[in-house]
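*Asks:* Handing you a structure now.
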Amino acid sequence: MCGIFGYFDRSGNSLPRADLERMGVILRHRGPDDDGIFSTRGVALGNRRLAIIDPESGIQPMLSDDGRIAVVQNGEIYNYVELQAFLVERGIRLKTNSDTEIILRLYEFEGIECLHRLNGMFAIAIYDDDEKQLFLARDRLGVKPLFIHDDGTRLIFASEIKGLLATGIRRELNREAVP
(Lines give C-alpha, C1' and ligand atoms only; values in the text may rest on other atoms or scores of the structure.)
Protein backbone atom coordinates (compact mmCIF):
# COMPACT_ATOMS: atom_id res chain seq x y z
CA MET A 1 0.00 0.00 0.00
CA CYS A 2 2.67 2.59 1.07
CA GLY A 3 2.16 6.16 2.12
CA ILE A 4 3.83 9.41 1.12
CA PHE A 5 3.88 12.76 2.84
CA GLY A 6 5.74 16.05 2.91
CA TYR A 7 5.62 19.75 2.27
CA PHE A 8 6.99 22.58 0.16
CA ASP A 9 7.26 26.07 1.65
CA ARG A 10 7.51 28.82 -0.96
CA SER A 11 9.32 31.14 1.47
CA GLY A 12 11.87 28.50 2.44
CA ASN A 13 10.68 27.95 6.02
CA SER A 14 10.92 24.44 7.38
CA LEU A 15 8.18 22.45 9.02
CA PRO A 16 9.21 21.15 12.45
CA ARG A 17 10.82 17.72 12.24
CA ALA A 18 8.38 16.50 14.89
CA ASP A 19 5.47 17.27 12.52
CA LEU A 20 7.11 15.25 9.75
CA GLU A 21 7.77 12.34 12.05
CA ARG A 22 4.17 12.50 13.31
CA MET A 23 2.95 12.35 9.69
CA GLY A 24 5.02 9.20 9.21
CA VAL A 25 3.76 7.60 12.42
CA ILE A 26 0.15 8.27 11.44
CA LEU A 27 0.72 6.62 8.04
CA ARG A 28 2.64 3.64 9.45
CA HIS A 29 -0.22 1.22 8.74
CA ARG A 30 0.20 2.01 5.01
CA GLY A 31 3.82 0.86 5.02
CA PRO A 32 5.16 -0.99 8.05
CA ASP A 33 8.36 -2.26 6.39
CA ASP A 34 10.41 0.92 6.15
CA ASP A 35 10.31 4.66 6.52
CA GLY A 36 12.40 7.59 5.43
CA ILE A 37 12.43 11.35 5.24
CA PHE A 38 14.41 13.61 2.92
CA SER A 39 14.52 17.22 4.04
CA THR A 40 16.30 20.37 3.07
CA ARG A 41 15.51 24.05 3.54
CA GLY A 42 11.79 24.56 2.99
CA VAL A 43 10.93 21.09 1.68
CA ALA A 44 10.61 17.50 2.83
CA LEU A 45 9.46 14.22 1.31
CA GLY A 46 8.61 11.20 3.42
CA ASN A 47 7.61 7.63 2.79
CA ARG A 48 6.14 4.68 4.69
CA ARG A 49 6.98 1.64 2.61
CA LEU A 50 5.34 -1.70 2.12
CA ALA A 51 8.31 -3.44 0.47
CA ILE A 52 7.09 -5.47 -2.51
CA ILE A 53 9.30 -4.61 -5.49
CA ASP A 54 13.04 -4.84 -4.71
CA PRO A 55 12.60 -4.99 -0.92
CA GLU A 56 16.32 -4.56 -0.14
CA SER A 57 17.27 -1.76 -2.55
CA GLY A 58 14.03 0.14 -3.20
CA ILE A 59 14.37 2.33 -0.12
CA GLN A 60 12.64 5.71 -0.25
CA PRO A 61 13.05 8.62 -0.50
CA MET A 62 15.25 7.83 -3.46
CA LEU A 63 17.84 10.46 -4.38
CA SER A 64 19.71 11.20 -7.59
CA ASP A 65 23.46 10.58 -7.54
CA ASP A 66 24.13 14.30 -7.10
CA GLY A 67 21.41 14.65 -4.45
CA ARG A 68 19.47 17.32 -6.33
CA ILE A 69 16.37 15.20 -7.02
CA ALA A 70 14.33 13.29 -4.44
CA VAL A 71 11.42 10.95 -5.22
CA VAL A 72 8.81 9.17 -3.13
CA GLN A 73 5.92 7.16 -4.46
CA ASN A 74 2.97 5.10 -3.40
CA GLY A 75 1.82 2.48 -5.83
CA GLU A 76 3.20 0.40 -8.64
CA ILE A 77 4.48 1.23 -12.10
CA TYR A 78 3.22 -1.72 -14.14
CA ASN A 79 5.53 -1.08 -17.11
CA TYR A 80 8.68 -0.51 -15.06
CA VAL A 81 10.48 -3.50 -16.63
CA GLU A 82 9.96 -2.04 -20.13
CA LEU A 83 11.02 1.39 -18.89
CA GLN A 84 14.06 -0.17 -17.27
CA ALA A 85 15.08 -1.61 -20.66
CA PHE A 86 14.41 1.77 -22.32
CA LEU A 87 16.78 3.50 -19.88
CA VAL A 88 19.51 0.84 -20.09
CA GLU A 89 19.42 1.03 -23.92
CA ARG A 90 20.20 4.74 -23.57
CA GLY A 91 23.21 4.09 -21.36
CA ILE A 92 21.59 4.97 -18.05
CA ARG A 93 22.96 2.89 -15.19
CA LEU A 94 20.47 1.60 -12.65
CA LYS A 95 21.40 0.63 -9.12
CA THR A 96 18.20 -1.18 -8.15
CA ASN A 97 15.30 -3.12 -9.62
CA SER A 98 12.88 -0.66 -8.06
CA ASP A 99 10.08 1.07 -9.93
CA THR A 100 10.88 4.16 -7.83
CA GLU A 101 14.35 4.35 -9.36
CA ILE A 102 12.72 4.14 -12.80
CA ILE A 103 10.72 7.28 -11.96
CA LEU A 104 13.88 9.03 -10.72
CA ARG A 105 15.99 8.12 -13.77
CA LEU A 106 13.20 8.93 -16.22
CA TYR A 107 12.82 12.34 -14.57
CA GLU A 108 16.57 12.93 -14.88
CA PHE A 109 16.41 11.89 -18.54
CA GLU A 110 13.21 13.64 -19.70
CA GLY A 111 12.08 16.00 -16.95
CA ILE A 112 8.46 16.06 -15.84
CA GLU A 113 7.31 14.84 -19.27
CA CYS A 114 8.41 11.39 -18.08
CA LEU A 115 5.07 11.04 -16.32
CA HIS A 116 3.42 10.34 -19.68
CA ARG A 117 5.41 7.09 -19.92
CA LEU A 118 4.14 5.68 -16.62
CA ASN A 119 1.47 3.01 -16.64
CA GLY A 120 0.21 2.05 -13.23
CA MET A 121 -1.48 3.17 -10.08
CA PHE A 122 0.55 5.76 -8.24
CA ALA A 123 0.92 8.95 -6.27
CA ILE A 124 4.35 10.52 -6.73
CA ALA A 125 6.27 13.44 -5.27
CA ILE A 126 9.41 14.66 -7.03
CA TYR A 127 11.51 17.50 -5.64
CA ASP A 128 14.04 19.13 -7.97
CA ASP A 129 16.48 21.29 -6.01
CA ASP A 130 17.95 22.94 -9.13
CA GLU A 131 14.49 24.14 -10.15
CA LYS A 132 13.30 24.64 -6.55
CA GLN A 133 10.09 22.86 -7.56
CA LEU A 134 7.95 20.12 -6.10
CA PHE A 135 5.92 18.02 -8.52
CA LEU A 136 2.97 15.96 -7.30
CA ALA A 137 1.27 13.48 -9.63
CA ARG A 138 -1.36 10.77 -9.50
CA ASP A 139 -2.26 8.00 -11.86
CA ARG A 140 -4.83 8.88 -14.50
CA LEU A 141 -7.70 7.18 -12.66
CA GLY A 142 -6.74 8.48 -9.23
CA VAL A 143 -6.46 5.01 -7.73
CA LYS A 144 -3.79 6.02 -5.24
CA PRO A 145 -4.81 8.81 -2.86
CA LEU A 146 -3.04 12.14 -2.54
CA PHE A 147 -4.44 14.84 -0.27
CA ILE A 148 -3.12 18.39 -0.52
CA HIS A 149 -3.44 21.47 1.66
CA ASP A 150 -2.14 24.71 0.14
CA ASP A 151 -2.44 27.96 2.09
CA GLY A 152 -0.60 30.00 -0.55
CA THR A 153 2.73 29.84 1.28
CA ARG A 154 3.08 26.21 2.25
CA LEU A 155 1.83 23.13 0.42
CA ILE A 156 1.44 20.00 2.55
CA PHE A 157 0.60 16.59 1.10
CA ALA A 158 -0.10 13.09 2.36
CA SER A 159 -1.68 9.82 1.35
CA GLU A 160 -4.36 10.37 3.99
CA ILE A 161 -6.04 13.45 5.43
CA LYS A 162 -4.86 12.37 8.88
CA GLY A 163 -1.33 13.03 7.68
CA LEU A 164 -2.20 16.63 6.86
CA LEU A 165 -3.92 17.16 10.20
CA ALA A 166 -0.77 15.96 12.00
CA THR A 167 0.86 19.26 11.03
CA GLY A 168 -1.70 21.32 12.93
CA ILE A 169 -3.68 22.67 9.98
CA ARG A 170 -7.18 23.69 10.95
CA ARG A 171 -10.19 21.62 10.07
CA GLU A 172 -12.62 23.91 8.34
CA LEU A 173 -15.10 23.57 5.55
CA ASN A 174 -14.40 25.49 2.37
CA ARG A 175 -17.92 26.70 1.59
CA GLU A 176 -16.89 27.81 -1.91
CA ALA A 177 -15.88 24.25 -2.77
CA VAL A 178 -19.17 22.73 -1.60
CA PRO A 179 -22.16 23.23 -3.90
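Just remember, in the C-alpha coordinates the first chain shown is A, the second B, etc., residues are 1-based per chain, and ligands are 1-based in the order shown.
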To test your reading of the structure, identify every residue in range 21-66 of chain A that backbone DSSP assigns to alpha helix (DSSP H), and report it as number ranges by chain.

*Replies:* A: 21-26

*Asks:* Filtering to all heavy atoms, could you give me those residues as a PDB file, in the first residue's frame?

*Replies:*
ATOM      1  N   GLU A  21       7.726  13.667  11.443  1.00  0.00           N
ATOM      2  CA  GLU A  21       7.766  12.345  12.055  1.00  0.00           C
ATOM      3  C   GLU A  21       6.370  11.891  12.460  1.00  0.00           C
ATOM      4  O   GLU A  21       6.022  10.722  12.313  1.00  0.00           O
ATOM      5  CB  GLU A  21       8.732  12.348  13.239  1.00  0.00           C
ATOM      6  CG  GLU A  21      10.172  12.481  12.778  1.00  0.00           C
ATOM      7  CD  GLU A  21      11.168  12.667  13.908  1.00  0.00           C
ATOM      8  OE1 GLU A  21      10.750  12.745  15.094  1.00  0.00           O
ATOM      9  OE2 GLU A  21      12.367  12.750  13.597  1.00  0.00           O
ATOM     10  N   ARG A  22       5.547  12.823  12.947  1.00  0.00           N
ATOM     11  CA  ARG A  22       4.168  12.500  13.311  1.00  0.00           C
ATOM     12  C   ARG A  22       3.376  12.072  12.071  1.00  0.00           C
ATOM     13  O   ARG A  22       2.585  11.132  12.122  1.00  0.00           O
ATOM     14  CB  ARG A  22       3.516  13.700  14.002  1.00  0.00           C
ATOM     15  CG  ARG A  22       2.262  13.388  14.742  1.00  0.00           C
ATOM     16  CD  ARG A  22       1.764  14.496  15.677  1.00  0.00           C
ATOM     17  NE  ARG A  22       2.081  15.853  15.313  1.00  0.00           N
ATOM     18  CZ  ARG A  22       3.047  16.596  15.861  1.00  0.00           C
ATOM     19  NH1 ARG A  22       3.806  16.095  16.818  1.00  0.00           N
ATOM     20  NH2 ARG A  22       3.260  17.832  15.476  1.00  0.00           N
ATOM     21  N   MET A  23       3.606  12.750  10.941  1.00  0.00           N
ATOM     22  CA  MET A  23       2.951  12.345   9.691  1.00  0.00           C
ATOM     23  C   MET A  23       3.302  10.897   9.364  1.00  0.00           C
ATOM     24  O   MET A  23       2.441  10.099   8.994  1.00  0.00           O
ATOM     25  CB  MET A  23       3.361  13.267   8.538  1.00  0.00           C
ATOM     26  CG  MET A  23       2.834  14.672   8.653  1.00  0.00           C
ATOM     27  SD  MET A  23       3.505  15.773   7.377  1.00  0.00           S
ATOM     28  CE  MET A  23       2.356  15.428   6.039  1.00  0.00           C
ATOM     29  N   GLY A  24       4.578  10.559   9.493  1.00  0.00           N
ATOM     30  CA  GLY A  24       5.022   9.196   9.212  1.00  0.00           C
ATOM     31  C   GLY A  24       4.420   8.172  10.158  1.00  0.00           C
ATOM     32  O   GLY A  24       4.004   7.091   9.739  1.00  0.00           O
ATOM     33  N   VAL A  25       4.343   8.508  11.430  1.00  0.00           N
ATOM     34  CA  VAL A  25       3.763   7.597  12.418  1.00  0.00           C
ATOM     35  C   VAL A  25       2.287   7.349  12.104  1.00  0.00           C
ATOM     36  O   VAL A  25       1.808   6.215  12.149  1.00  0.00           O
ATOM     37  CB  VAL A  25       3.942   8.150  13.850  1.00  0.00           C
ATOM     38  CG1 VAL A  25       3.092   7.390  14.852  1.00  0.00           C
ATOM     39  CG2 VAL A  25       5.409   8.103  14.249  1.00  0.00           C
ATOM     40  N   ILE A  26       1.575   8.395  11.749  1.00  0.00           N
ATOM     41  CA  ILE A  26       0.150   8.270  11.442  1.00  0.00           C
ATOM     42  C   ILE A  26      -0.076   7.386  10.213  1.00  0.00           C
ATOM     43  O   ILE A  26      -1.077   6.677  10.122  1.00  0.00           O
ATOM     44  CB  ILE A  26      -0.484   9.670  11.274  1.00  0.00           C
ATOM     45  CG1 ILE A  26      -0.644  10.300  12.659  1.00  0.00           C
ATOM     46  CG2 ILE A  26      -1.802   9.620  10.536  1.00  0.00           C
ATOM     47  CD1 ILE A  26      -1.056  11.739  12.659  1.00  0.00           C
TER      48      ILE A  26
END

*Asks:* Which residues, written as a PDB file with all heavy atoms, in the first residue's frame, have at least one atom at most 7 Å from Ala44 in chain A, with only C-alpha atoms counted and residues fewer than 3 positions away on the same chain left out?

*Replies:*
ATOM      1  N   GLY A   6       4.705  15.028   2.945  1.00  0.00           N
ATOM      2  CA  GLY A   6       5.738  16.048   2.909  1.00  0.00           C
ATOM      3  C   GLY A   6       5.161  17.434   2.753  1.00  0.00           C
ATOM      4  O   GLY A   6       3.959  17.647   2.903  1.00  0.00           O
ATOM      5  N   TYR A   7       6.041  18.362   2.435  1.00  0.00           N
ATOM      6  CA  TYR A   7       5.623  19.747   2.271  1.00  0.00           C
ATOM      7  C   TYR A   7       6.610  20.493   1.379  1.00  0.00           C
ATOM      8  O   TYR A   7       7.739  20.052   1.148  1.00  0.00           O
ATOM      9  CB  TYR A   7       5.513  20.464   3.629  1.00  0.00           C
ATOM     10  CG  TYR A   7       6.858  20.794   4.228  1.00  0.00           C
ATOM     11  CD1 TYR A   7       7.457  22.038   4.006  1.00  0.00           C
ATOM     12  CD2 TYR A   7       7.547  19.856   4.978  1.00  0.00           C
ATOM     13  CE1 TYR A   7       8.705  22.325   4.533  1.00  0.00           C
ATOM     14  CE2 TYR A   7       8.784  20.144   5.503  1.00  0.00           C
ATOM     15  CZ  TYR A   7       9.360  21.380   5.278  1.00  0.00           C
ATOM     16  OH  TYR A   7      10.601  21.668   5.776  1.00  0.00           O
ATOM     17  N   PHE A   8       6.155  21.646   0.898  1.00  0.00           N
ATOM     18  CA  PHE A   8       6.995  22.584   0.159  1.00  0.00           C
ATOM     19  C   PHE A   8       6.580  23.981   0.610  1.00  0.00           C
ATOM     20  O   PHE A   8       5.421  24.347   0.505  1.00  0.00           O
ATOM     21  CB  PHE A   8       6.771  22.433  -1.349  1.00  0.00           C
ATOM     22  CG  PHE A   8       7.565  23.392  -2.177  1.00  0.00           C
ATOM     23  CD1 PHE A   8       8.913  23.187  -2.398  1.00  0.00           C
ATOM     24  CD2 PHE A   8       6.970  24.517  -2.725  1.00  0.00           C
ATOM     25  CE1 PHE A   8       9.655  24.075  -3.164  1.00  0.00           C
ATOM     26  CE2 PHE A   8       7.698  25.408  -3.488  1.00  0.00           C
ATOM     27  CZ  PHE A   8       9.044  25.185  -3.705  1.00  0.00           C
ATOM     28  N   ILE A  37      12.748   9.941   5.479  1.00  0.00           N
ATOM     29  CA  ILE A  37      12.427  11.353   5.243  1.00  0.00           C
ATOM     30  C   ILE A  37      13.642  12.022   4.619  1.00  0.00           C
ATOM     31  O   ILE A  37      14.762  11.889   5.118  1.00  0.00           O
ATOM     32  CB  ILE A  37      12.049  12.082   6.541  1.00  0.00           C
ATOM     33  CG1 ILE A  37      10.774  11.500   7.142  1.00  0.00           C
ATOM     34  CG2 ILE A  37      11.887  13.584   6.298  1.00  0.00           C
ATOM     35  CD1 ILE A  37      10.389  12.065   8.500  1.00  0.00           C
ATOM     36  N   PHE A  38      13.411  12.720   3.522  1.00  0.00           N
ATOM     37  CA  PHE A  38      14.413  13.612   2.922  1.00  0.00           C
ATOM     38  C   PHE A  38      13.969  15.019   3.272  1.00  0.00           C
ATOM     39  O   PHE A  38      12.803  15.369   3.099  1.00  0.00           O
ATOM     40  CB  PHE A  38      14.434  13.451   1.404  1.00  0.00           C
ATOM     41  CG  PHE A  38      15.079  14.610   0.689  1.00  0.00           C
ATOM     42  CD1 PHE A  38      16.453  14.692   0.572  1.00  0.00           C
ATOM     43  CD2 PHE A  38      14.303  15.639   0.172  1.00  0.00           C
ATOM     44  CE1 PHE A  38      17.047  15.778  -0.071  1.00  0.00           C
ATOM     45  CE2 PHE A  38      14.879  16.723  -0.466  1.00  0.00           C
ATOM     46  CZ  PHE A  38      16.254  16.786  -0.590  1.00  0.00           C
ATOM     47  N   SER A  39      14.886  15.829   3.772  1.00  0.00           N
ATOM     48  CA  SER A  39      14.520  17.222   4.041  1.00  0.00           C
ATOM     49  C   SER A  39      15.700  18.134   3.762  1.00  0.00           C
ATOM     50  O   SER A  39      16.860  17.764   3.927  1.00  0.00           O
ATOM     51  CB  SER A  39      14.031  17.409   5.477  1.00  0.00           C
ATOM     52  OG  SER A  39      15.050  17.134   6.395  1.00  0.00           O
ATOM     53  N   THR A  40      15.346  19.297   3.291  1.00  0.00           N
ATOM     54  CA  THR A  40      16.298  20.370   3.070  1.00  0.00           C
ATOM     55  C   THR A  40      15.520  21.661   3.337  1.00  0.00           C
ATOM     56  O   THR A  40      14.334  21.616   3.651  1.00  0.00           O
ATOM     57  CB  THR A  40      16.908  20.307   1.646  1.00  0.00           C
ATOM     58  OG1 THR A  40      17.972  21.253   1.540  1.00  0.00           O
ATOM     59  CG2 THR A  40      15.874  20.525   0.572  1.00  0.00           C
TER      60      THR A  40
END

*Asks:* Just the strand (DSSP E) stuff from range 97-178 of chain A, please, per backbone DSSP, written as an NGL selection string.

*Replies:* :A and (120-128 or 133-138 or 147-150 or 154-158)

*Asks:* Just give me the gap between CA of Asp151 in chain A and CA of Arg28 in chain A in Å, one decimal is fine.

*Replies:*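 So the two atoms, CA of Asp151 in chain A and CA of Arg28 in chain A, lie 25.9 Å apart.
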
*Asks:* Using only C-alpha atoms, which of A:Gly91, A:Gly46, A:Gly36, A:Gly75 sits nearest Ile59 in chain A?

*Replies:*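 Among A:Gly91, A:Gly46, A:Gly36, A:Gly75, it is A:Gly36 that comes nearest to Ile59 in chain A.
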